[in-house]
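Trainee: Can you read through this structure? Questions will come right after.
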Amino acid sequence: MVASVKINYAEKSCAALEVESVFGESTVTSAFASTPLKLLTPRSRGQSVWAYTSSFGGGFVAGDETRLDLRLGKDTRCFLGTQASTKIYRNPRQRACGHVTSATVEENALLVFAPDPVQPFANSSYSQRQTFQLGTGAGLVLVDWFTSGRAARGERWAFDRFKSRNDVFSCGERIFMDSLLLDSAADPITSPHRTGRFNCFALLLLIGEPLKQAAASLLETISVRPVSRSAALIASASPVRDGAILRVAGESVEQVGHELHHHLKFVSALLGDDPWARKW
């Protein structure tokens, strides 16, 4: 069991979404967002709820500190994405800029958390922390990815600092933690042992009872895939407690996106439709 979390709607720069089971269907019972965040719920009731986050200007500027709170009640299903990539604009004065996500997924609920990639511009600085609390029998599909920036304009890995951390708890016990820090002050971000020739990195996590079969299939698929030297895309998978994790590095964002979608095709059956049908 996961204790019900009361969302504080008075907090500045926050968005919140609550989903409950109403007459056997997942239903948005509360949705709220304050500037600069926006929260859209094009599918607010059905086998699953679909919601999208966005922000005025399409990204973060210096000083933006935002928060997203999610709560999925027992036996509900929810897909949460973004309208487009999250742009991190230049931040020459290095003012704090970041985002926090806190999600509670109660008993037998399923959250598919799959935003578009974060795109840090030159001289930007950004940090994000995402925490997921899973109840008994709950499941989580988590996509977390980022790009080199505006590579077509010559801004390739030109940001100052990028930090991302994901924590997953099951019934109060931490079962997964992943932390990443790219800081230009420590070493050139483009060095071969950091990003090298790649322009996009992604993490796909499948964890929880509803995703056991999908996690096993992912591990089997990657285990038999050959790895070629200097390949444009590299994928590796490993088991984690109650699931599996896929890591992808690609020379282009499109390659990584198609790789993720390939491994997420099973989600359509769980949600009742394909949320990426018009995107990929």
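Residue numbering restarts at 1 for every chain of the structure tokens, chains are lettered A, B, ... in their displayed order, and ligands are numbered from 1 as they appear.
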Could you name the residues that touch Glu209 in chain A at 8 Å or less, counting only C-alpha atoms, but leaving out those on the same chain fewer than 2 positions away, as a list in words?
Mentor: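 Within the cut-off, the hits are Gly137, Ala138, Gly139, Ile207, Leu211, Lys212 and Asp242 of chain A.
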Trainee: Find, counting only C-alpha atoms, the residue in A:Leu111, A:Trp157, A:Glu251, A:Val141 that gets nearest to His263 in chain A.
Mentor: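 Answer, going by the shortest atom-to-atom distance: A:Val141.
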Trainee: Between CA of Val227 in chain A and CA of Asp187 in chain A, what distance in Å does the model show, to one decimal?
Mentor: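 Taking CA of Val227 in chain A and CA of Asp187 in chain A, their separation equals 28.0 Å.
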Trainee: Distance CA of Phe79 in chain A-CA of Pro42 in chain A, one decimal place?
Mentor: 11.0 Å
Trainee: Just list the residues in range 89-214 of chain A DSSP gives strand (DSSP E) on the backbone, as a short mmCIF file (atom, residue, chain, number, x, y, z; two decimals) with all heavy atoms, in the first residue's frame.
Mentor:
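Dumped everything to selection14.cif:
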```
data_model
loop_
_atom_site.label_atom_id
_atom_site.label_comp_id
_atom_site.auth_asym_id
_atom_site.auth_seq_id
_atom_site.Cartn_x
_atom_site.Cartn_y
_atom_site.Cartn_z
N GLY A 98 15.23 24.41 -12.91
CA GLY A 98 15.03 22.98 -12.78
C GLY A 98 13.58 22.59 -12.60
O GLY A 98 12.68 23.43 -12.54
N HIS A 99 13.37 21.29 -12.52
CA HIS A 99 12.01 20.74 -12.44
C HIS A 99 12.02 19.51 -11.54
O HIS A 99 12.97 18.71 -11.55
CB HIS A 99 11.51 20.36 -13.83
CG HIS A 99 10.15 19.75 -13.84
ND1 HIS A 99 9.01 20.48 -13.59
CD2 HIS A 99 9.74 18.47 -14.04
CE1 HIS A 99 7.95 19.68 -13.67
NE2 HIS A 99 8.38 18.46 -13.92
N VAL A 100 10.94 19.35 -10.80
CA VAL A 100 10.75 18.19 -9.92
C VAL A 100 9.43 17.51 -10.27
O VAL A 100 8.40 18.17 -10.44
CB VAL A 100 10.73 18.62 -8.43
CG1 VAL A 100 10.36 17.44 -7.54
CG2 VAL A 100 12.07 19.21 -8.03
N THR A 101 9.47 16.20 -10.40
CA THR A 101 8.25 15.40 -10.58
C THR A 101 8.12 14.45 -9.40
O THR A 101 9.08 13.77 -9.03
CB THR A 101 8.30 14.58 -11.89
OG1 THR A 101 8.29 15.46 -13.01
CG2 THR A 101 7.09 13.65 -11.98
N SER A 102 6.93 14.41 -8.81
CA SER A 102 6.64 13.49 -7.73
C SER A 102 5.36 12.73 -8.08
O SER A 102 4.30 13.34 -8.24
CB SER A 102 6.45 14.24 -6.41
OG SER A 102 6.13 13.34 -5.36
N ALA A 103 5.47 11.42 -8.25
CA ALA A 103 4.33 10.62 -8.68
C ALA A 103 4.04 9.51 -7.69
O ALA A 103 4.94 8.79 -7.24
CB ALA A 103 4.59 10.01 -10.06
N THR A 104 2.76 9.36 -7.35
CA THR A 104 2.28 8.27 -6.51
C THR A 104 1.37 7.39 -7.35
O THR A 104 0.38 7.86 -7.90
CB THR A 104 1.51 8.79 -5.29
OG1 THR A 104 2.38 9.61 -4.50
CG2 THR A 104 0.99 7.64 -4.44
N VAL A 105 1.74 6.12 -7.48
CA VAL A 105 1.00 5.17 -8.31
C VAL A 105 0.47 4.09 -7.37
O VAL A 105 1.22 3.23 -6.91
CB VAL A 105 1.89 4.56 -9.41
CG1 VAL A 105 1.07 3.70 -10.36
CG2 VAL A 105 2.62 5.66 -10.19
N LEU A 110 -1.18 1.87 -13.26
CA LEU A 110 -0.09 1.87 -14.23
C LEU A 110 0.15 3.29 -14.72
O LEU A 110 -0.78 3.98 -15.15
CB LEU A 110 -0.43 0.98 -15.44
CG LEU A 110 0.53 1.06 -16.63
CD1 LEU A 110 1.89 0.46 -16.26
CD2 LEU A 110 -0.05 0.35 -17.84
N LEU A 111 1.41 3.72 -14.68
CA LEU A 111 1.80 5.03 -15.19
C LEU A 111 2.80 4.84 -16.33
O LEU A 111 3.84 4.19 -16.15
CB LEU A 111 2.44 5.88 -14.09
CG LEU A 111 3.06 7.21 -14.54
CD1 LEU A 111 2.02 8.13 -15.16
CD2 LEU A 111 3.77 7.90 -13.37
N VAL A 112 2.47 5.39 -17.49
CA VAL A 112 3.41 5.46 -18.61
C VAL A 112 3.89 6.91 -18.68
O VAL A 112 3.15 7.79 -19.12
CB VAL A 112 2.76 5.03 -19.93
CG1 VAL A 112 3.77 5.13 -21.08
CG2 VAL A 112 2.21 3.61 -19.82
N PHE A 113 5.09 7.15 -18.22
CA PHE A 113 5.65 8.49 -18.13
C PHE A 113 6.68 8.63 -19.24
O PHE A 113 7.81 8.15 -19.14
CB PHE A 113 6.31 8.67 -16.75
CG PHE A 113 6.68 10.08 -16.42
CD1 PHE A 113 5.78 10.92 -15.77
CD2 PHE A 113 7.93 10.59 -16.74
CE1 PHE A 113 6.12 12.23 -15.44
CE2 PHE A 113 8.28 11.89 -16.42
CZ PHE A 113 7.37 12.72 -15.77
N VAL A 118 14.66 16.25 -23.42
CA VAL A 118 15.12 17.56 -22.97
C VAL A 118 16.19 18.03 -23.96
O VAL A 118 17.09 17.27 -24.33
CB VAL A 118 15.69 17.49 -21.55
CG1 VAL A 118 16.25 18.84 -21.13
CG2 VAL A 118 14.63 17.02 -20.57
N GLN A 119 16.10 19.29 -24.36
CA GLN A 119 17.03 19.86 -25.34
C GLN A 119 17.71 21.09 -24.75
O GLN A 119 17.20 22.19 -24.81
CB GLN A 119 16.27 20.24 -26.63
CG GLN A 119 17.16 20.75 -27.74
CD GLN A 119 16.37 21.18 -28.96
OE1 GLN A 119 15.21 21.57 -28.86
NE2 GLN A 119 17.00 21.12 -30.13
N PRO A 120 18.91 20.91 -24.17
CA PRO A 120 19.60 22.05 -23.54
C PRO A 120 20.33 22.91 -24.58
O PRO A 120 21.14 22.40 -25.35
CB PRO A 120 20.59 21.38 -22.59
CG PRO A 120 20.30 19.90 -22.63
CD PRO A 120 19.63 19.66 -23.93
N SER A 125 21.80 25.77 -18.06
CA SER A 125 22.06 24.95 -16.87
C SER A 125 20.71 24.46 -16.34
O SER A 125 19.81 25.26 -16.13
CB SER A 125 22.78 25.76 -15.80
OG SER A 125 23.05 24.97 -14.66
N TYR A 126 20.59 23.14 -16.14
CA TYR A 126 19.28 22.58 -15.80
C TYR A 126 19.46 21.32 -14.95
O TYR A 126 20.40 20.54 -15.13
CB TYR A 126 18.54 22.22 -17.09
CG TYR A 126 17.23 21.50 -16.90
CD1 TYR A 126 16.09 22.17 -16.46
CD2 TYR A 126 17.11 20.13 -17.17
CE1 TYR A 126 14.88 21.52 -16.30
CE2 TYR A 126 15.90 19.47 -17.01
CZ TYR A 126 14.79 20.17 -16.58
OH TYR A 126 13.58 19.51 -16.42
N SER A 127 18.53 21.15 -14.00
CA SER A 127 18.51 19.92 -13.20
C SER A 127 17.07 19.45 -13.05
O SER A 127 16.14 20.26 -13.00
CB SER A 127 19.13 20.14 -11.82
OG SER A 127 18.34 21.03 -11.05
N GLN A 128 16.88 18.15 -13.04
CA GLN A 128 15.56 17.59 -12.81
C GLN A 128 15.66 16.39 -11.88
O GLN A 128 16.66 15.66 -11.88
CB GLN A 128 14.89 17.18 -14.12
CG GLN A 128 15.53 16.00 -14.83
CD GLN A 128 14.76 15.57 -16.07
OE1 GLN A 128 13.97 16.32 -16.64
NE2 GLN A 128 14.98 14.33 -16.50
N ARG A 129 14.61 16.23 -11.07
CA ARG A 129 14.54 15.05 -10.19
C ARG A 129 13.14 14.48 -10.27
O ARG A 129 12.15 15.22 -10.15
CB ARG A 129 14.88 15.42 -8.75
CG ARG A 129 14.84 14.20 -7.83
CD ARG A 129 15.62 14.38 -6.57
NE ARG A 129 15.67 13.14 -5.80
CZ ARG A 129 16.36 12.97 -4.70
NH1 ARG A 129 17.09 13.98 -4.22
NH2 ARG A 129 16.36 11.82 -4.06
N GLN A 130 13.05 13.19 -10.50
CA GLN A 130 11.78 12.51 -10.66
C GLN A 130 11.70 11.35 -9.67
O GLN A 130 12.58 10.48 -9.65
CB GLN A 130 11.64 12.02 -12.11
CG GLN A 130 11.77 13.16 -13.10
CD GLN A 130 11.66 12.73 -14.56
OE1 GLN A 130 11.11 13.46 -15.38
NE2 GLN A 130 12.17 11.57 -14.90
N THR A 131 10.63 11.35 -8.88
CA THR A 131 10.45 10.32 -7.85
C THR A 131 9.11 9.64 -8.07
O THR A 131 8.09 10.31 -8.24
CB THR A 131 10.51 10.94 -6.45
OG1 THR A 131 11.75 11.63 -6.28
CG2 THR A 131 10.39 9.86 -5.38
N PHE A 132 9.12 8.31 -8.03
CA PHE A 132 7.92 7.52 -8.26
C PHE A 132 7.71 6.56 -7.10
O PHE A 132 8.60 5.78 -6.75
CB PHE A 132 8.05 6.72 -9.57
CG PHE A 132 8.34 7.59 -10.77
CD1 PHE A 132 9.65 7.90 -11.12
CD2 PHE A 132 7.31 8.11 -11.54
CE1 PHE A 132 9.93 8.71 -12.21
CE2 PHE A 132 7.57 8.92 -12.64
CZ PHE A 132 8.89 9.22 -12.97
N GLN A 133 6.54 6.64 -6.50
CA GLN A 133 6.16 5.76 -5.39
C GLN A 133 5.12 4.77 -5.90
O GLN A 133 4.02 5.16 -6.28
CB GLN A 133 5.57 6.59 -4.24
CG GLN A 133 6.49 7.66 -3.67
CD GLN A 133 7.48 7.11 -2.66
OE1 GLN A 133 7.42 5.93 -2.29
NE2 GLN A 133 8.38 7.96 -2.20
N LEU A 134 5.47 3.48 -5.92
CA LEU A 134 4.58 2.45 -6.45
C LEU A 134 3.95 1.64 -5.33
O LEU A 134 4.64 1.22 -4.39
CB LEU A 134 5.36 1.50 -7.37
CG LEU A 134 6.18 2.14 -8.51
CD1 LEU A 134 6.80 1.04 -9.37
CD2 LEU A 134 5.31 3.06 -9.35
N GLY A 139 2.59 -0.53 -11.75
CA GLY A 139 3.63 -0.60 -12.78
C GLY A 139 4.02 0.78 -13.27
O GLY A 139 3.25 1.73 -13.22
N LEU A 140 5.27 0.87 -13.75
CA LEU A 140 5.80 2.13 -14.27
C LEU A 140 6.58 1.89 -15.54
O LEU A 140 7.48 1.05 -15.59
CB LEU A 140 6.72 2.79 -13.23
CG LEU A 140 7.52 4.01 -13.70
CD1 LEU A 140 6.60 5.19 -13.99
CD2 LEU A 140 8.57 4.40 -12.65
N VAL A 141 6.23 2.65 -16.58
CA VAL A 141 7.04 2.75 -17.79
C VAL A 141 7.62 4.16 -17.76
O VAL A 141 6.89 5.14 -17.78
CB VAL A 141 6.21 2.55 -19.07
CG1 VAL A 141 7.08 2.77 -20.30
CG2 VAL A 141 5.58 1.17 -19.09
N LEU A 142 8.94 4.26 -17.69
CA LEU A 142 9.60 5.56 -17.60
C LEU A 142 10.55 5.76 -18.77
O LEU A 142 11.42 4.92 -19.03
CB LEU A 142 10.39 5.64 -16.29
CG LEU A 142 11.35 6.83 -16.14
CD1 LEU A 142 10.59 8.15 -16.16
CD2 LEU A 142 12.17 6.70 -14.86
N VAL A 143 10.37 6.87 -19.47
CA VAL A 143 11.28 7.27 -20.53
C VAL A 143 11.95 8.58 -20.09
O VAL A 143 11.27 9.54 -19.75
CB VAL A 143 10.55 7.49 -21.87
CG1 VAL A 143 11.53 7.97 -22.94
CG2 VAL A 143 9.86 6.21 -22.32
N ASP A 144 13.27 8.59 -20.11
CA ASP A 144 14.01 9.79 -19.74
C ASP A 144 15.14 9.95 -20.75
O ASP A 144 16.04 9.11 -20.81
CB ASP A 144 14.57 9.65 -18.32
CG ASP A 144 15.27 10.91 -17.84
OD1 ASP A 144 15.06 11.98 -18.45
OD2 ASP A 144 16.04 10.83 -16.86
N TRP A 145 15.08 11.02 -21.57
CA TRP A 145 16.10 11.18 -22.59
C TRP A 145 16.41 12.64 -22.84
O TRP A 145 15.63 13.52 -22.50
CB TRP A 145 15.73 10.44 -23.87
CG TRP A 145 14.38 10.69 -24.50
CD1 TRP A 145 13.19 10.91 -23.87
CD2 TRP A 145 14.08 10.71 -25.90
NE1 TRP A 145 12.18 11.07 -24.78
CE2 TRP A 145 12.68 10.93 -26.04
CE3 TRP A 145 14.84 10.54 -27.04
CZ2 TRP A 145 12.05 11.01 -27.28
CZ3 TRP A 145 14.20 10.60 -28.28
CH2 TRP A 145 12.84 10.83 -28.39
N PHE A 146 17.59 12.88 -23.43
CA PHE A 146 18.04 14.24 -23.67
C PHE A 146 18.94 14.27 -24.91
O PHE A 146 19.50 13.25 -25.31
CB PHE A 146 18.79 14.80 -22.45
CG PHE A 146 20.04 14.04 -22.08
CD1 PHE A 146 21.28 14.48 -22.50
CD2 PHE A 146 19.96 12.89 -21.31
CE1 PHE A 146 22.43 13.77 -22.17
CE2 PHE A 146 21.11 12.19 -20.96
CZ PHE A 146 22.35 12.63 -21.39
N THR A 147 19.04 15.46 -25.50
CA THR A 147 19.81 15.61 -26.73
C THR A 147 21.02 16.51 -26.51
O THR A 147 21.19 17.11 -25.44
CB THR A 147 18.94 16.22 -27.86
OG1 THR A 147 18.81 17.63 -27.64
CG2 THR A 147 17.55 15.59 -27.90
N ARG A 161 25.65 22.82 -17.79
CA ARG A 161 25.43 21.77 -16.80
C ARG A 161 24.06 21.13 -17.02
O ARG A 161 23.08 21.81 -17.27
CB ARG A 161 25.50 22.34 -15.38
CG ARG A 161 25.60 21.33 -14.25
CD ARG A 161 25.89 22.07 -12.95
NE ARG A 161 26.22 21.17 -11.86
CZ ARG A 161 25.33 20.72 -10.98
NH1 ARG A 161 24.05 21.11 -11.06
NH2 ARG A 161 25.69 19.91 -10.01
N PHE A 162 24.02 19.81 -16.93
CA PHE A 162 22.77 19.06 -17.04
C PHE A 162 22.80 17.95 -15.99
O PHE A 162 23.75 17.17 -15.91
CB PHE A 162 22.61 18.44 -18.43
CG PHE A 162 21.38 17.59 -18.58
CD1 PHE A 162 20.14 18.15 -18.89
CD2 PHE A 162 21.43 16.21 -18.39
CE1 PHE A 162 19.02 17.37 -19.02
CE2 PHE A 162 20.31 15.41 -18.51
CZ PHE A 162 19.10 16.00 -18.83
N LYS A 163 21.72 17.90 -15.19
CA LYS A 163 21.64 16.89 -14.13
C LYS A 163 20.27 16.27 -14.12
O LYS A 163 19.26 16.96 -14.22
CB LYS A 163 21.93 17.53 -12.76
CG LYS A 163 21.94 16.56 -11.59
CD LYS A 163 22.26 17.27 -10.29
CE LYS A 163 22.29 16.30 -9.11
NZ LYS A 163 22.60 17.01 -7.83
N SER A 164 20.22 14.95 -14.00
CA SER A 164 18.94 14.24 -13.95
C SER A 164 19.05 13.08 -12.97
O SER A 164 20.05 12.36 -12.95
CB SER A 164 18.58 13.71 -15.35
OG SER A 164 17.37 12.98 -15.31
N ARG A 165 18.00 12.92 -12.17
CA ARG A 165 17.97 11.80 -11.21
C ARG A 165 16.58 11.21 -11.17
O ARG A 165 15.58 11.92 -11.14
CB ARG A 165 18.39 12.27 -9.82
CG ARG A 165 18.23 11.16 -8.77
CD ARG A 165 18.94 11.47 -7.49
NE ARG A 165 18.59 10.51 -6.43
CZ ARG A 165 19.28 10.35 -5.31
NH1 ARG A 165 20.35 11.08 -5.09
NH2 ARG A 165 18.89 9.46 -4.41
N ASN A 166 16.52 9.87 -11.17
CA ASN A 166 15.26 9.14 -11.07
C ASN A 166 15.32 8.18 -9.89
O ASN A 166 16.30 7.43 -9.74
CB ASN A 166 15.00 8.33 -12.35
CG ASN A 166 14.78 9.21 -13.56
OD1 ASN A 166 13.80 9.92 -13.64
ND2 ASN A 166 15.72 9.17 -14.50
N ASP A 167 14.29 8.21 -9.05
CA ASP A 167 14.18 7.28 -7.92
C ASP A 167 12.82 6.59 -8.00
O ASP A 167 11.79 7.25 -8.20
CB ASP A 167 14.27 8.03 -6.59
CG ASP A 167 15.64 8.59 -6.32
OD1 ASP A 167 16.51 7.85 -5.82
OD2 ASP A 167 15.87 9.78 -6.63
N VAL A 168 12.83 5.27 -7.83
CA VAL A 168 11.59 4.49 -7.83
C VAL A 168 11.51 3.71 -6.52
O VAL A 168 12.47 3.01 -6.15
CB VAL A 168 11.51 3.52 -9.02
CG1 VAL A 168 10.19 2.76 -9.01
CG2 VAL A 168 11.67 4.28 -10.34
N PHE A 169 10.37 3.83 -5.85
CA PHE A 169 10.14 3.12 -4.60
C PHE A 169 8.95 2.19 -4.77
O PHE A 169 7.97 2.53 -5.44
CB PHE A 169 9.84 4.11 -3.46
CG PHE A 169 10.96 5.03 -3.13
CD1 PHE A 169 11.17 6.19 -3.87
CD2 PHE A 169 11.81 4.76 -2.07
CE1 PHE A 169 12.21 7.06 -3.57
CE2 PHE A 169 12.85 5.62 -1.76
CZ PHE A 169 13.05 6.77 -2.51
N SER A 170 9.03 1.02 -4.17
CA SER A 170 7.93 0.07 -4.17
C SER A 170 7.53 -0.21 -2.72
O SER A 170 8.36 -0.70 -1.93
CB SER A 170 8.33 -1.24 -4.86
OG SER A 170 7.27 -2.18 -4.81
N GLU A 173 10.05 1.09 -0.31
CA GLU A 173 11.43 0.65 -0.41
C GLU A 173 12.01 1.06 -1.77
O GLU A 173 11.41 0.79 -2.81
CB GLU A 173 11.52 -0.88 -0.26
CG GLU A 173 12.93 -1.42 -0.37
CD GLU A 173 12.97 -2.94 -0.32
OE1 GLU A 173 11.89 -3.56 -0.19
OE2 GLU A 173 14.08 -3.50 -0.41
N ARG A 174 13.17 1.70 -1.77
CA ARG A 174 13.79 2.10 -3.02
C ARG A 174 14.24 0.86 -3.79
O ARG A 174 14.99 0.03 -3.27
CB ARG A 174 14.99 3.02 -2.78
CG ARG A 174 15.68 3.43 -4.10
CD ARG A 174 16.92 4.27 -3.90
NE ARG A 174 16.61 5.66 -3.63
CZ ARG A 174 16.81 6.25 -2.48
NH1 ARG A 174 17.28 5.56 -1.45
NH2 ARG A 174 16.52 7.53 -2.31
N ILE A 175 13.80 0.74 -5.03
CA ILE A 175 14.17 -0.41 -5.85
C ILE A 175 14.94 0.00 -7.10
O ILE A 175 15.47 -0.86 -7.82
CB ILE A 175 12.93 -1.23 -6.26
CG1 ILE A 175 11.93 -0.37 -7.03
CG2 ILE A 175 12.28 -1.87 -5.04
CD1 ILE A 175 10.75 -1.18 -7.59
N PHE A 176 15.03 1.31 -7.35
CA PHE A 176 15.79 1.76 -8.52
C PHE A 176 16.22 3.20 -8.28
O PHE A 176 15.45 4.02 -7.79
CB PHE A 176 14.95 1.68 -9.79
CG PHE A 176 15.65 2.19 -11.02
CD1 PHE A 176 16.54 1.39 -11.71
CD2 PHE A 176 15.43 3.48 -11.48
CE1 PHE A 176 17.20 1.87 -12.83
CE2 PHE A 176 16.07 3.97 -12.60
CZ PHE A 176 16.96 3.15 -13.28
N MET A 177 17.47 3.50 -8.68
CA MET A 177 17.97 4.87 -8.63
C MET A 177 18.96 5.06 -9.77
O MET A 177 19.83 4.22 -10.00
CB MET A 177 18.64 5.17 -7.29
CG MET A 177 18.96 6.66 -7.08
SD MET A 177 20.53 7.20 -7.78
CE MET A 177 21.65 6.56 -6.54
N ASP A 178 18.79 6.15 -10.50
CA ASP A 178 19.70 6.45 -11.60
C ASP A 178 20.01 7.94 -11.55
O ASP A 178 19.09 8.77 -11.48
CB ASP A 178 19.07 6.09 -12.94
CG ASP A 178 20.01 6.37 -14.11
OD1 ASP A 178 20.88 5.52 -14.38
OD2 ASP A 178 19.87 7.43 -14.75
N SER A 179 21.28 8.29 -11.57
CA SER A 179 21.68 9.69 -11.48
C SER A 179 22.72 10.00 -12.54
O SER A 179 23.66 9.22 -12.77
CB SER A 179 22.25 9.98 -10.09
OG SER A 179 22.55 11.36 -9.95
N LEU A 180 22.54 11.14 -13.21
CA LEU A 180 23.43 11.55 -14.28
C LEU A 180 23.82 13.01 -14.09
O LEU A 180 22.97 13.85 -13.78
CB LEU A 180 22.74 11.38 -15.64
CG LEU A 180 23.43 12.01 -16.85
CD1 LEU A 180 24.66 11.19 -17.24
CD2 LEU A 180 22.48 12.11 -18.03
N LEU A 181 25.10 13.32 -14.31
CA LEU A 181 25.57 14.70 -14.25
C LEU A 181 26.57 14.92 -15.37
O LEU A 181 27.57 14.20 -15.48
CB LEU A 181 26.23 15.00 -12.90
CG LEU A 181 26.91 16.36 -12.78
CD1 LEU A 181 25.89 17.49 -12.93
CD2 LEU A 181 27.67 16.48 -11.46
N LEU A 182 26.28 15.92 -16.21
CA LEU A 182 27.22 16.38 -17.23
C LEU A 182 27.54 17.84 -16.91
O LEU A 182 26.66 18.69 -17.00
CB LEU A 182 26.62 16.25 -18.63
CG LEU A 182 26.43 14.83 -19.16
CD1 LEU A 182 25.70 14.87 -20.50
CD2 LEU A 182 27.77 14.11 -19.31
N ASP A 183 28.77 18.10 -16.54
CA ASP A 183 29.18 19.44 -16.13
C ASP A 183 30.40 19.83 -16.95
O ASP A 183 31.45 19.16 -16.89
CB ASP A 183 29.51 19.45 -14.64
CG ASP A 183 29.64 20.86 -14.08
OD1 ASP A 183 30.03 21.76 -14.86
OD2 ASP A 183 29.38 21.06 -12.90
N CYS A 200 22.29 11.90 -28.73
CA CYS A 200 21.07 11.66 -27.95
C CYS A 200 21.28 10.43 -27.08
O CYS A 200 21.83 9.41 -27.54
CB CYS A 200 19.88 11.45 -28.89
SG CYS A 200 18.29 11.31 -28.04
N PHE A 201 20.85 10.53 -25.83
CA PHE A 201 20.93 9.41 -24.89
C PHE A 201 19.55 9.21 -24.26
O PHE A 201 18.85 10.18 -23.97
CB PHE A 201 21.96 9.69 -23.80
CG PHE A 201 23.38 9.70 -24.28
CD1 PHE A 201 23.94 10.85 -24.81
CD2 PHE A 201 24.15 8.55 -24.23
CE1 PHE A 201 25.24 10.88 -25.27
CE2 PHE A 201 25.46 8.55 -24.68
CZ PHE A 201 26.02 9.72 -25.21
N ALA A 202 19.20 7.95 -24.04
CA ALA A 202 17.87 7.65 -23.50
C ALA A 202 17.92 6.51 -22.50
O ALA A 202 18.77 5.61 -22.58
CB ALA A 202 16.90 7.30 -24.63
N LEU A 203 16.98 6.55 -21.58
CA LEU A 203 16.76 5.49 -20.61
C LEU A 203 15.29 5.08 -20.70
O LEU A 203 14.41 5.93 -20.72
CB LEU A 203 17.09 6.00 -19.21
CG LEU A 203 16.78 5.14 -17.98
CD1 LEU A 203 17.73 5.55 -16.84
CD2 LEU A 203 15.34 5.32 -17.49
N LEU A 204 15.06 3.78 -20.77
CA LEU A 204 13.70 3.23 -20.73
C LEU A 204 13.65 2.21 -19.60
O LEU A 204 14.38 1.23 -19.60
CB LEU A 204 13.33 2.57 -22.05
CG LEU A 204 12.05 1.71 -22.06
CD1 LEU A 204 10.82 2.56 -21.72
CD2 LEU A 204 11.86 1.01 -23.41
N LEU A 205 12.77 2.46 -18.63
CA LEU A 205 12.62 1.58 -17.48
C LEU A 205 11.24 0.96 -17.48
O LEU A 205 10.23 1.66 -17.60
CB LEU A 205 12.83 2.37 -16.18
CG LEU A 205 12.63 1.60 -14.87
CD1 LEU A 205 13.71 0.54 -14.69
CD2 LEU A 205 12.63 2.56 -13.69
N LEU A 206 11.20 -0.37 -17.38
CA LEU A 206 9.95 -1.11 -17.23
C LEU A 206 10.01 -1.80 -15.87
O LEU A 206 10.90 -2.64 -15.64
CB LEU A 206 9.80 -2.16 -18.34
CG LEU A 206 9.97 -1.68 -19.79
CD1 LEU A 206 9.83 -2.87 -20.75
CD2 LEU A 206 8.96 -0.60 -20.13
N ILE A 207 9.08 -1.45 -14.99
CA ILE A 207 9.19 -1.99 -13.64
C ILE A 207 7.80 -2.19 -13.04
O ILE A 207 6.88 -1.39 -13.28
CB ILE A 207 10.04 -1.04 -12.77
CG1 ILE A 207 10.61 -1.73 -11.55
CG2 ILE A 207 9.30 0.22 -12.39
CD1 ILE A 207 11.78 -1.00 -10.92
N GLY A 208 7.63 -3.30 -12.34
CA GLY A 208 6.36 -3.59 -11.70
C GLY A 208 5.64 -4.78 -12.29
O GLY A 208 5.93 -5.23 -13.41
#
```
Trainee: Please run DSSP on the backbone and report, as number ranges by chain, all residues within range 131-250 of chain A that come out as helix (DSSP H, G or I).
Mentor: A: 151-153, 209-223
Trainee: Write out as a ChimeraX atom specification each polymer residue whose atoms come within 9 Å of Ala33 in chain A, counting only C-alpha atoms; drop sequence neighbours fewer than 2 positions from it.
Mentor: /A:9,13-17,31,35-39,68
Trainee: Choose the residue, out of A:Pro210, A:Ala51, A:Ala122, A:Asp69, that has the smallest atom-to-atom separation from Glu107 in chain A; count only C-alpha atoms.
Mentor: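 Smallest distance to Glu107 in chain A is found for A:Pro210.
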Trainee: Near Val49 in chain A, counting only C-alpha atoms, which residues have an atom at most 12 Å away, once you skip same-chain residues fewer than 4 positions from it, shown as a PyMOL selection string?
Mentor: chain A and resi 17-22+25-29+31+40-45+72-73+76-81+109-113+270-273+275
Trainee: What is the CA of Ser252 in chain A-CA of Pro92 in chain A distance in Å, reported with one decimal?
Mentor: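 Computing it gives 27.1 Å between the two atoms.
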Trainee: Nearest to Glu65 in chain A among A:Ala96, A:Arg247, A:Tyr89, A:Ala84, with distances taken over only C-alpha atoms: which residue is it?
Mentor: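 For Glu65 in chain A, the nearest of the candidates is A:Ala96.
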Trainee: Have a look at A:Gly149, A:Gly59, A:Pro239, A:Gly46 and name the one nearest to Leu218 in chain A; count only C-alpha atoms.
Mentor: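 Counting only C-alpha atoms, the residue closest to Leu218 in chain A is A:Pro239.
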Trainee: What lies within 6 Å of Ala62 in chain A using only C-alpha atoms, ignoring chain neighbours under 5 positions off, as a VMD selection string?
Mentor: chain A and resid 91 95 97
